[in-house]
Amino acid sequence: MPHRIICNTLLLCLFCFALPILSGCDKKTSAGALPGGGAAPVPEVIIDSVGQEDVQIYIYADAVTVPSNQVMVRARVGGFLEELFFKPGAIVRKGERLALIEPDSYNIALTLAEAELANYEAQALLEEANLGRAKTLFEQRVNTAQEVQTVQAAYDMALARVEMANANVRRAKLELAYTDIRAPITGKTTKNLVDVGNYINPGGLQALLLGITQLDPMYVEFKLNDRQFIELKDRLGFRKAFQEEQEEAAPNTPGGEQTEESTGRQPVALTGMPVDLSLMTGVDVFRFDFNIPGKVVALVDNQINYNTANITLRAEVQNPLLKTDDAEDYMIYPGQVGRVRIPYEVVENAVLIREEAILTDLDTKYVLVLTKEMRQDTDREGNPVVDENGREVPPREAHIVTRRDITLGRLLDTQQRIVSAGLIPGETYVVLGVQRVRIGTEVRPTPLDDYNARRAAVALEK
């Protein structure tokens, strides 16, 4: 026990001896942190200025491209498939030749029908002459009225046979034309579903020859939730038009019921509303440039889905046709996913900052703003710093970090955020380097443009 007491006493004495030394080291370090006293460099931050401009607000929605028209080309007459005139996957124009079914038998049928027509026409001419003679003899009281009626009936039957023969000729011509199969629309073909040499039965499975998909214009379908849909209709004036009609209807009928006279207002339409499409292509699938313009052409749904609270709209965009020396193809294909934006409103004189500068404290959003203060450099004892001539260094302007709570608005395509309250245009705020500073401390600001230029120069050197 005495030995343990002696050891504890020695340890306590050693600690008491070392405590002043440690305290002195801490004071020296603290003093070194002050400006002018061997201080550590002031931390650098990247800054930008609070902007102000008129900005366009959009409604965004995920989208998928769908063809504007699809046709399955079928044979309308039977026969052997004699020739194909298209390449699988090629682009064909409306009226362009696609396939030929053996036409010989249909040419023969047309010749027979035309010969039959000529025969019946000759018979009709003969019966017409007989009718004329019968009427002359009747006027001369040579024959009876019954004989005239008999000749008249023969002439009418001859005319009927001529009409029937004409119909047979038209049908034979139509069937012959059906052997020469042409594209009903302009579009991109599928592979041929029947090979040359096969017999085609119009009522069988082999009647389906190929499919054609129209890709220009291209349809884009997207869904809006009920809130977005109502906001969009409000922007187009639906609510205003409804209120105005209610006001006009009130004096006209008891109880504010509308009459035909009060509902003659020009209707407000969603169709024709502009949209911009961006497709998820390339490596950076999360970059949206919205470089394909279009317009809304239809409401696909006639009601809002109860389970998803969505309604589907359809827009139309032009599909660029890309051509090379030996091939051509459309830029957009059905089934591609993308994103559309619909102009909603213009916010005038919006205050803007960069999204990456926004910080969060529980449920409060804030940014670090730089203010300018006059500060006097001091040494470790707190005395003003003097120059090499012994004169006191005058106070200097320092950039100090302050906190500013803000109220946020919408996020723009440029990754800038509208600030509804808390900032004034032209103020300087910290974009990068917030983890190296504390509120109330001095920093060394570098403009964002200079920082980007410096990084670009370093990248070129590497």
# chains A, B, ... in the order shown; residues from 1 in each chain; ligands from 1

$ residues_around --residues "Ile57 of chain A" --least-positions-apart "4" --cutoff "7 Å" --atoms "only C-alpha atoms" --output "PDB file with C-alpha atoms, in the first residue's frame"
ATOM      1  CA  PRO A 343     -44.252  26.308 -70.279  1.00  0.00           C
ATOM      2  CA  TYR A 344     -46.274  27.275 -67.224  1.00  0.00           C
ATOM      3  CA  GLU A 345     -45.549  30.884 -66.262  1.00  0.00           C
ATOM      4  CA  VAL A 346     -42.878  33.600 -66.387  1.00  0.00           C
TER       5      VAL A 346
END

$ residues_around --residues "Asp156 of chain A" --least-positions-apart "6" --cutoff "12 Å" --atoms "only C-alpha atoms" --output "list in words"
Tyr120, Glu121, Gln123, Ala124, Leu125, Leu126, Glu127, Glu128, Asn130, Leu131, Gln149, Thr150, Val162 and Glu163 of chain A

$ select_by_dssp --residues "segment 183-228 of chain A" --states "strand (DSSP E)" --output "JSON, numbers by chain"
{"A": [187, 188, 189, 199, 200, 208, 209, 210, 211, 212, 213, 214, 215, 216, 217, 218, 219, 220, 221, 222, 223, 224, 225]}

$ closest_residue --among "A:Pro43, A:Gly204, A:Gly335, A:Pro103" --to "Tyr219 of chain A" --atoms "only C-alpha atoms"
A:Gly335

$ atom_distance --atom1 "atom CA of Val297 of chain A" --atom2 "atom CA of Arg182 of chain A"
29.0 Å

$ closest_residue --among "A:Ala350, A:Leu277, A:Leu321, A:Ile406" --to "Gly338 of chain A" --atoms "only C-alpha atoms"
A:Leu277

$ closest_residue --among "A:Tyr333, A:Phe85, A:Tyr306, A:Tyr429" --to "Leu215 of chain A" --atoms "only C-alpha atoms"
A:Tyr333

$ atom_distance --atom1 "atom CA of Gly132 of chain A" --atom2 "atom CA of Gln152 of chain A"
9.3 Å

$ residues_around --residues "Asn307 of chain A" --least-positions-apart "4" --cutoff "12 Å" --atoms "only C-alpha atoms" --output "PyMOL selection string"
chain A and resi 225-226+303+311

$ closest_residue --among "A:Ile185, A:Asn198, A:Tyr58, A:Leu112" --to "Gln228 of chain A" --atoms "only C-alpha atoms"
A:Tyr58

$ closest_residue --among "A:Val437, A:Leu193, A:Ala134, A:Met331" --to "Val401 of chain A" --atoms "only C-alpha atoms"
A:Val437

$ atom_distance --atom1 "atom CA of Thr407 of chain A" --atom2 "atom CA of Asp363 of chain A"
11.0 Å

$ residues_around --residues "Ile304 of chain A" --least-positions-apart "3" --cutoff "12 Å" --atoms "only C-alpha atoms" --output "ChimeraX atom specification"
/A:223-230,299-301,307-313

$ write_last_selection --atoms "N, CA and C atoms" --output "tab-separated table (two decimals), in the first residue's frame"
chain	number	residue	atom	x	y	z
A	223	LYS	N	-47.65	11.72	-68.75
A	223	LYS	CA	-48.70	11.78	-67.74
A	223	LYS	C	-48.49	12.99	-66.83
A	224	LEU	N	-49.58	13.66	-66.51
A	224	LEU	CA	-49.59	14.72	-65.52
A	224	LEU	C	-50.45	14.29	-64.36
A	225	ASN	N	-50.02	14.64	-63.14
A	225	ASN	CA	-50.90	14.36	-62.01
A	225	ASN	C	-52.02	15.40	-61.97
A	226	ASP	N	-53.00	15.15	-61.13
A	226	ASP	CA	-54.17	16.02	-61.12
A	226	ASP	C	-53.81	17.46	-60.75
A	227	ARG	N	-52.83	17.65	-59.87
A	227	ARG	CA	-52.45	19.01	-59.49
A	227	ARG	C	-51.83	19.74	-60.67
A	228	GLN	N	-50.91	19.08	-61.39
A	228	GLN	CA	-50.30	19.70	-62.56
A	228	GLN	C	-51.32	20.00	-63.64
A	229	PHE	N	-52.26	19.08	-63.82
A	229	PHE	CA	-53.28	19.26	-64.85
A	229	PHE	C	-54.15	20.47	-64.54
A	230	ILE	N	-54.53	20.63	-63.28
A	230	ILE	CA	-55.35	21.78	-62.90
A	230	ILE	C	-54.56	23.08	-63.05
A	299	LEU	N	-55.80	14.80	-75.71
A	299	LEU	CA	-55.89	14.17	-74.39
A	299	LEU	C	-56.23	12.71	-74.63
A	300	VAL	N	-55.30	11.81	-74.28
A	300	VAL	CA	-55.53	10.40	-74.54
A	300	VAL	C	-56.60	9.84	-73.61
A	301	ASP	N	-56.58	10.25	-72.35
A	301	ASP	CA	-57.56	9.79	-71.38
A	301	ASP	C	-58.73	10.77	-71.31
A	307	ASN	N	-56.67	5.53	-59.32
A	307	ASN	CA	-55.62	4.89	-58.53
A	307	ASN	C	-54.31	5.67	-58.55
A	308	THR	N	-53.97	6.26	-59.71
A	308	THR	CA	-52.68	6.96	-59.84
A	308	THR	C	-52.81	8.47	-59.82
A	309	ALA	N	-54.04	8.98	-59.96
A	309	ALA	CA	-54.29	10.43	-60.02
A	309	ALA	C	-53.57	11.07	-61.21
A	310	ASN	N	-53.41	10.32	-62.29
A	310	ASN	CA	-52.73	10.81	-63.49
A	310	ASN	C	-53.68	10.85	-64.67
A	311	ILE	N	-53.34	11.69	-65.64
A	311	ILE	CA	-54.05	11.74	-66.91
A	311	ILE	C	-53.00	11.80	-68.01
A	312	THR	N	-53.25	11.10	-69.12
A	312	THR	CA	-52.28	10.99	-70.20
A	312	THR	C	-52.57	12.01	-71.29
A	313	LEU	N	-51.52	12.71	-71.70
A	313	LEU	CA	-51.58	13.65	-72.82
A	313	LEU	C	-50.67	13.17	-73.93

$ residues_around --residues "segment 446-461 of chain A" --least-positions-apart "6" --cutoff "12 Å" --atoms "only C-alpha atoms" --output "PyMOL selection string"
chain A and resi 43-49+354+357+370+399+428-433

$ write_last_selection --atoms "N, CA and C atoms" --output "PDB file, in the first residue's frame"
ATOM      1  N   PRO A  43      -8.772  30.539 -45.166  1.00  0.00           N
ATOM      2  CA  PRO A  43      -9.324  29.531 -46.084  1.00  0.00           C
ATOM      3  C   PRO A  43      -9.944  30.182 -47.322  1.00  0.00           C
ATOM      4  N   GLU A  44      -9.772  29.493 -48.425  1.00  0.00           N
ATOM      5  CA  GLU A  44     -10.332  29.974 -49.693  1.00  0.00           C
ATOM      6  C   GLU A  44     -11.737  29.412 -49.883  1.00  0.00           C
ATOM      7  N   VAL A  45     -12.662  30.224 -50.394  1.00  0.00           N
ATOM      8  CA  VAL A  45     -14.005  29.792 -50.756  1.00  0.00           C
ATOM      9  C   VAL A  45     -14.301  30.288 -52.168  1.00  0.00           C
ATOM     10  N   ILE A  46     -15.156  29.545 -52.849  1.00  0.00           N
ATOM     11  CA  ILE A  46     -15.586  29.912 -54.199  1.00  0.00           C
ATOM     12  C   ILE A  46     -16.933  30.616 -54.076  1.00  0.00           C
ATOM     13  N   ILE A  47     -17.025  31.777 -54.683  1.00  0.00           N
ATOM     14  CA  ILE A  47     -18.203  32.622 -54.478  1.00  0.00           C
ATOM     15  C   ILE A  47     -18.883  32.918 -55.818  1.00  0.00           C
ATOM     16  N   ASP A  48     -20.112  33.385 -55.698  1.00  0.00           N
ATOM     17  CA  ASP A  48     -20.858  33.872 -56.850  1.00  0.00           C
ATOM     18  C   ASP A  48     -21.802  34.963 -56.358  1.00  0.00           C
ATOM     19  N   SER A  49     -22.363  35.713 -57.291  1.00  0.00           N
ATOM     20  CA  SER A  49     -23.264  36.807 -56.935  1.00  0.00           C
ATOM     21  C   SER A  49     -24.706  36.374 -57.120  1.00  0.00           C
ATOM     22  N   ARG A 354     -27.252  29.408 -57.025  1.00  0.00           N
ATOM     23  CA  ARG A 354     -26.924  28.047 -57.461  1.00  0.00           C
ATOM     24  C   ARG A 354     -27.400  27.031 -56.432  1.00  0.00           C
ATOM     25  N   ALA A 357     -25.193  25.663 -53.487  1.00  0.00           N
ATOM     26  CA  ALA A 357     -24.826  26.548 -52.380  1.00  0.00           C
ATOM     27  C   ALA A 357     -25.799  26.475 -51.223  1.00  0.00           C
ATOM     28  N   LEU A 370     -21.165  36.540 -47.725  1.00  0.00           N
ATOM     29  CA  LEU A 370     -19.970  37.275 -47.336  1.00  0.00           C
ATOM     30  C   LEU A 370     -20.306  38.745 -47.119  1.00  0.00           C
ATOM     31  N   HIS A 399     -13.289  39.809 -45.586  1.00  0.00           N
ATOM     32  CA  HIS A 399     -14.530  39.148 -45.995  1.00  0.00           C
ATOM     33  C   HIS A 399     -14.926  38.155 -44.894  1.00  0.00           C
ATOM     34  N   THR A 428     -23.009  38.564 -52.346  1.00  0.00           N
ATOM     35  CA  THR A 428     -22.044  37.503 -52.601  1.00  0.00           C
ATOM     36  C   THR A 428     -22.292  36.352 -51.637  1.00  0.00           C
ATOM     37  N   TYR A 429     -22.357  35.139 -52.190  1.00  0.00           N
ATOM     38  CA  TYR A 429     -22.600  33.951 -51.363  1.00  0.00           C
ATOM     39  C   TYR A 429     -21.588  32.870 -51.720  1.00  0.00           C
ATOM     40  N   VAL A 430     -21.385  31.938 -50.785  1.00  0.00           N
ATOM     41  CA  VAL A 430     -20.395  30.872 -50.937  1.00  0.00           C
ATOM     42  C   VAL A 430     -21.024  29.714 -51.712  1.00  0.00           C
ATOM     43  N   VAL A 431     -20.338  29.293 -52.779  1.00  0.00           N
ATOM     44  CA  VAL A 431     -20.797  28.158 -53.574  1.00  0.00           C
ATOM     45  C   VAL A 431     -20.064  26.882 -53.178  1.00  0.00           C
ATOM     46  N   LEU A 432     -18.726  26.955 -53.085  1.00  0.00           N
ATOM     47  CA  LEU A 432     -17.908  25.795 -52.737  1.00  0.00           C
ATOM     48  C   LEU A 432     -16.972  26.168 -51.591  1.00  0.00           C
ATOM     49  N   GLY A 433     -16.668  25.167 -50.763  1.00  0.00           N
ATOM     50  CA  GLY A 433     -15.738  25.376 -49.664  1.00  0.00           C
ATOM     51  C   GLY A 433     -16.399  25.653 -48.333  1.00  0.00           C
TER      52      GLY A 433
END
